[in-house]
Amino acid sequence: MVEGRALRERLRAGERLIGTFVKTPAPAVVEVLGRTGIDFAVLDAEHAPFDRTHVDACVLAGYAVGLPVLVRLRAASAQAVQSVLDLGAAGVIVPRVNDVATAKAMRQACEYSDAGRGFSNSPRVGNYGTLEQSALVAQERQRPIVICQVEDAAAVERIEDLAALDDVDGFLLGRADLAVSLGCGSLQDPAVQRAVDRVVAACRSAQRAAGIFLGQAAEIPEYIDKGVHFFVVGSDQSAMLSYFRAVARSVED
């Protein structure tokens, strides 16, 4: 489980990292991404049709090419956290985390304890029963990444308290949901930009990684200047759309 721990260390060190969403539940997509030079892939189990078998195969594909695989969960569920971590996912991205209690619960769900994750060393994360209990318990205190998504006005209002938690490794801004929550019709609305700036400032003050989803790589420099550390840019589907639309235009009269 070297990749997950190394990625968490890089995230906490404030390194600039880039990844993308995987919308197609096919391990070959992850294998291809592992040859592009990006730092991580995110399986979108919230909005794309991933079941546990798909996650299992895609995480294994990540191991084959040395690409850490995170999973965006359907909801803030302790059971979902255990499910993907047992398969060896590097960590979780949790949608709609609006309060400290939820953020703490997500970290607790990563660790083996009475109130946390049920213990078994039989899955991939325990090397199929060959990793000793003490070693696995110690590993899972250090390895799993927890990233909370900031998508609602309620999360922005509590971001200083959320960012102060050592339980969370980073915060991923979702501007589209933020715009809806704030009653804005555009990602460029000043209210959305103020919310982004407040979240990034809180993360900077707490030495927590700030991240953002962007549709286009051309937007990255603007957010580097703002102090954003990690980027989830587009997806496998948006990359295909962009490329093949350009191909189609190239033969138009």
# chains A, B, ... in the order shown; residues from 1 in each chain; ligands from 1
$ select_by_dssp --residues "region 167-215 of chain A" --states "strand (DSSP E or B)" --output "PyMOL selection string"
chain A and resi 170-173+209-214
$ residues_around --residues "region 47-62 of chain A" --least-positions-apart "6" --cutoff "6 Å" --atoms "only C-alpha atoms" --output "mmCIF file with N, CA and C atoms, in the first residue's frame"
data_model
loop_
_atom_site.group_PDB
_atom_site.id
_atom_site.type_symbol
_atom_site.label_atom_id
_atom_site.label_comp_id
_atom_site.auth_asym_id
_atom_site.auth_seq_id
_atom_site.Cartn_x
_atom_site.Cartn_y
_atom_site.Cartn_z
ATOM 1 N N LYS A 23 -14.949 8.279 -14.999
ATOM 2 C CA LYS A 23 -16.398 8.093 -15.054
ATOM 3 C C LYS A 23 -16.782 6.730 -15.628
ATOM 4 N N PRO A 25 -16.492 2.820 -15.719
ATOM 5 C CA PRO A 25 -16.049 1.760 -14.808
ATOM 6 C C PRO A 25 -15.314 0.644 -15.544
ATOM 7 N N PRO A 27 -11.194 -0.936 -15.911
ATOM 8 C CA PRO A 27 -9.812 -0.845 -15.423
ATOM 9 C C PRO A 27 -8.831 -0.350 -16.467
ATOM 10 N N GLU A 31 -5.458 2.139 -16.241
ATOM 11 C CA GLU A 31 -4.147 1.747 -16.763
ATOM 12 C C GLU A 31 -3.600 2.800 -17.723
ATOM 13 N N PRO A 68 -2.011 5.952 -7.692
ATOM 14 C CA PRO A 68 -2.940 5.924 -6.562
ATOM 15 C C PRO A 68 -4.369 6.212 -7.018
ATOM 16 N N VAL A 69 -5.300 5.441 -6.488
ATOM 17 C CA VAL A 69 -6.705 5.578 -6.866
ATOM 18 C C VAL A 69 -7.520 5.974 -5.645
ATOM 19 N N LEU A 87 -10.447 -2.686 -0.312
ATOM 20 C CA LEU A 87 -10.011 -3.038 -1.660
ATOM 21 C C LEU A 87 -8.653 -2.433 -2.010
ATOM 22 N N ALA A 89 -8.011 1.073 -2.007
ATOM 23 C CA ALA A 89 -8.050 2.451 -2.485
ATOM 24 C C ALA A 89 -7.158 3.325 -1.610
#
$ residues_around --residues "Ala163 (chain A)" --least-positions-apart "5" --cutoff "7 Å" --atoms "only C-alpha atoms" --output "MDAnalysis selection string"
chainID A and resid 202:203 206 208
$ select_by_dssp --residues "region 92-240 of chain A" --states "alpha helix (DSSP H)" --output "PyMOL selection string"
chain A and resi 100-108+133-142+153-157+159-163+175-181+190-206+220-226+236-240
$ residues_around --residues "Gly174 (chain A)" --least-positions-apart "3" --cutoff "10 Å" --atoms "only C-alpha atoms" --output "tab-separated table (two decimals) with N, CA and C atoms, in the first residue's frame"
chain	number	residue	atom	x	y	z
A	95	PRO	N	-18.45	13.56	-0.37
A	95	PRO	CA	-19.27	14.69	-0.80
A	95	PRO	C	-20.02	15.34	0.35
A	96	ARG	N	-20.27	16.63	0.18
A	96	ARG	CA	-21.17	17.40	1.06
A	96	ARG	C	-20.86	17.24	2.54
A	149	GLN	N	-15.34	17.31	0.43
A	149	GLN	CA	-15.76	18.26	-0.59
A	149	GLN	C	-16.50	19.43	0.05
A	150	VAL	N	-16.20	20.62	-0.46
A	150	VAL	CA	-16.89	21.84	-0.04
A	150	VAL	C	-17.82	22.22	-1.19
A	151	GLU	N	-19.11	21.95	-1.00
A	151	GLU	CA	-20.08	22.13	-2.08
A	151	GLU	C	-21.28	22.97	-1.67
A	152	ASP	N	-21.40	23.26	-0.38
A	152	ASP	CA	-22.58	23.96	0.13
A	152	ASP	C	-22.16	25.21	0.91
A	171	PHE	N	-9.32	19.64	1.26
A	171	PHE	CA	-10.69	20.04	0.93
A	171	PHE	C	-10.77	20.30	-0.57
A	177	ASP	N	-21.75	23.05	-7.53
A	177	ASP	CA	-22.68	22.88	-6.41
A	177	ASP	C	-22.70	24.11	-5.51
A	178	LEU	N	-21.54	24.73	-5.33
A	178	LEU	CA	-21.49	25.96	-4.54
A	178	LEU	C	-22.36	27.04	-5.17
A	179	ALA	N	-22.28	27.17	-6.49
A	179	ALA	CA	-23.08	28.18	-7.17
A	179	ALA	C	-24.57	27.94	-6.94
A	187	LEU	N	-20.46	30.08	-12.39
A	187	LEU	CA	-19.28	29.80	-11.57
A	187	LEU	C	-18.45	31.06	-11.35
A	196	VAL	N	-14.71	30.61	-2.68
A	196	VAL	CA	-13.45	29.92	-3.01
A	196	VAL	C	-12.30	30.55	-2.25
A	211	GLY	N	-7.98	22.05	-2.64
A	211	GLY	CA	-8.08	21.53	-4.00
A	211	GLY	C	-9.32	22.04	-4.68
A	212	ILE	N	-9.37	21.85	-5.99
A	212	ILE	CA	-10.53	22.32	-6.74
A	212	ILE	C	-10.74	21.44	-7.97
A	213	PHE	N	-12.00	21.27	-8.35
A	213	PHE	CA	-12.31	20.62	-9.62
A	213	PHE	C	-12.38	21.69	-10.69
A	214	LEU	N	-11.69	21.44	-11.80
A	214	LEU	CA	-11.69	22.35	-12.94
A	214	LEU	C	-12.06	21.58	-14.20
$ residues_around --residues "Val199 (chain A)" --least-positions-apart "4" --cutoff "7 Å" --atoms "only C-alpha atoms" --output "list in words"
Val156, Ile159, Ala195 and Cys203 of chain A
$ atom_distance --atom1 "CA of Ser238 (chain A)" --atom2 "CA of Thr24 (chain A)"
11.0 Å
$ residues_around --residues "Val228 (chain A)" --least-positions-apart "5" --cutoff "10 Å" --atoms "only C-alpha atoms" --output "VMD selection string"
chain A and resid 14 16 to 17 171 to 173 196 to 197 199 to 201 203 to 204 209 to 212 220 to 223
$ write_last_selection --atoms "N, CA and C atoms" --output "short mmCIF file (atom, residue, chain, number, x, y, z; two decimals), in the first residue's frame"
data_model
loop_
_atom_site.label_atom_id
_atom_site.label_comp_id
_atom_site.auth_asym_id
_atom_site.auth_seq_id
_atom_site.Cartn_x
_atom_site.Cartn_y
_atom_site.Cartn_z
N GLY A 14 2.06 19.80 0.96
CA GLY A 14 1.70 20.95 0.14
C GLY A 14 2.21 20.89 -1.29
N ARG A 16 2.19 20.30 -5.28
CA ARG A 16 1.20 20.54 -6.30
C ARG A 16 0.90 19.21 -7.00
N LEU A 17 -0.36 18.80 -6.97
CA LEU A 17 -0.76 17.49 -7.49
C LEU A 17 -1.91 17.65 -8.48
N PHE A 171 -9.32 19.64 1.26
CA PHE A 171 -10.69 20.04 0.93
C PHE A 171 -10.77 20.30 -0.57
N LEU A 172 -11.78 19.71 -1.20
CA LEU A 172 -11.96 19.84 -2.64
C LEU A 172 -13.17 20.72 -2.92
N LEU A 173 -12.93 21.84 -3.57
CA LEU A 173 -13.99 22.78 -3.90
C LEU A 173 -14.76 22.32 -5.13
N VAL A 196 -14.71 30.61 -2.68
CA VAL A 196 -13.45 29.92 -3.01
C VAL A 196 -12.30 30.55 -2.25
N ASP A 197 -12.23 31.87 -2.27
CA ASP A 197 -11.13 32.56 -1.59
C ASP A 197 -11.15 32.30 -0.09
N VAL A 199 -12.33 29.61 1.47
CA VAL A 199 -11.90 28.23 1.72
C VAL A 199 -10.40 28.10 1.58
N VAL A 200 -9.84 28.68 0.53
CA VAL A 200 -8.39 28.59 0.32
C VAL A 200 -7.64 29.29 1.45
N ALA A 201 -8.14 30.43 1.90
CA ALA A 201 -7.49 31.15 3.00
C ALA A 201 -7.52 30.34 4.29
N CYS A 203 -7.69 27.07 4.54
CA CYS A 203 -6.76 25.95 4.38
C CYS A 203 -5.32 26.41 4.55
N ARG A 204 -5.00 27.56 3.98
CA ARG A 204 -3.64 28.08 4.12
C ARG A 204 -3.31 28.35 5.58
N ALA A 209 -4.39 21.14 2.80
CA ALA A 209 -4.36 21.22 1.34
C ALA A 209 -5.72 21.67 0.79
N ALA A 210 -5.67 22.66 -0.08
CA ALA A 210 -6.87 23.13 -0.77
C ALA A 210 -6.85 22.61 -2.20
N GLY A 211 -7.98 22.05 -2.64
CA GLY A 211 -8.08 21.53 -4.00
C GLY A 211 -9.32 22.04 -4.68
N ILE A 212 -9.37 21.85 -5.99
CA ILE A 212 -10.53 22.32 -6.74
C ILE A 212 -10.74 21.44 -7.97
N ILE A 220 -5.86 26.24 -14.46
CA ILE A 220 -4.97 25.91 -13.34
C ILE A 220 -4.13 27.09 -12.87
N PRO A 221 -3.46 27.85 -13.77
CA PRO A 221 -2.59 28.94 -13.28
C PRO A 221 -3.31 29.94 -12.38
N GLU A 222 -4.57 30.27 -12.72
CA GLU A 222 -5.33 31.21 -11.89
C GLU A 222 -5.45 30.71 -10.46
N TYR A 223 -5.68 29.41 -10.30
CA TYR A 223 -5.90 28.87 -8.96
C TYR A 223 -4.60 28.53 -8.25
#
$ closest_atom_pairs --of "region 9-98 of chain A" --to "region 229-234 of chain A" --cutoff "10 Å" --atoms "only C-alpha atoms" --output "tab-separated table"
residue	atom	partner	partner_atom	distance
A:Leu11	CA	A:Phe230	CA	7.8
A:Arg12	CA	A:His229	CA	9.9
A:Ala13	CA	A:His229	CA	9.8
A:Gly14	CA	A:His229	CA	6.2
A:Glu15	CA	A:His229	CA	6.5
A:Arg16	CA	A:His229	CA	4.9
A:Leu17	CA	A:Phe230	CA	4.6
A:Ile18	CA	A:Phe231	CA	4.8
A:Gly19	CA	A:Val232	CA	4.8
A:Thr20	CA	A:Val232	CA	4.7
A:Phe21	CA	A:Gly234	CA	6.3
A:Val22	CA	A:Gly234	CA	8.9
A:Lys23	CA	A:Gly234	CA	10.0
A:Asp39	CA	A:Phe230	CA	9.7
A:Phe40	CA	A:Val232	CA	8.9
A:Ala41	CA	A:Val232	CA	8.4
A:Val42	CA	A:Val232	CA	8.2
$ closest_residue --among "A:Val251, A:Leu85, A:Val100, A:Ala154" --to "Gly118 (chain A)" --atoms "only C-alpha atoms"
A:Leu85
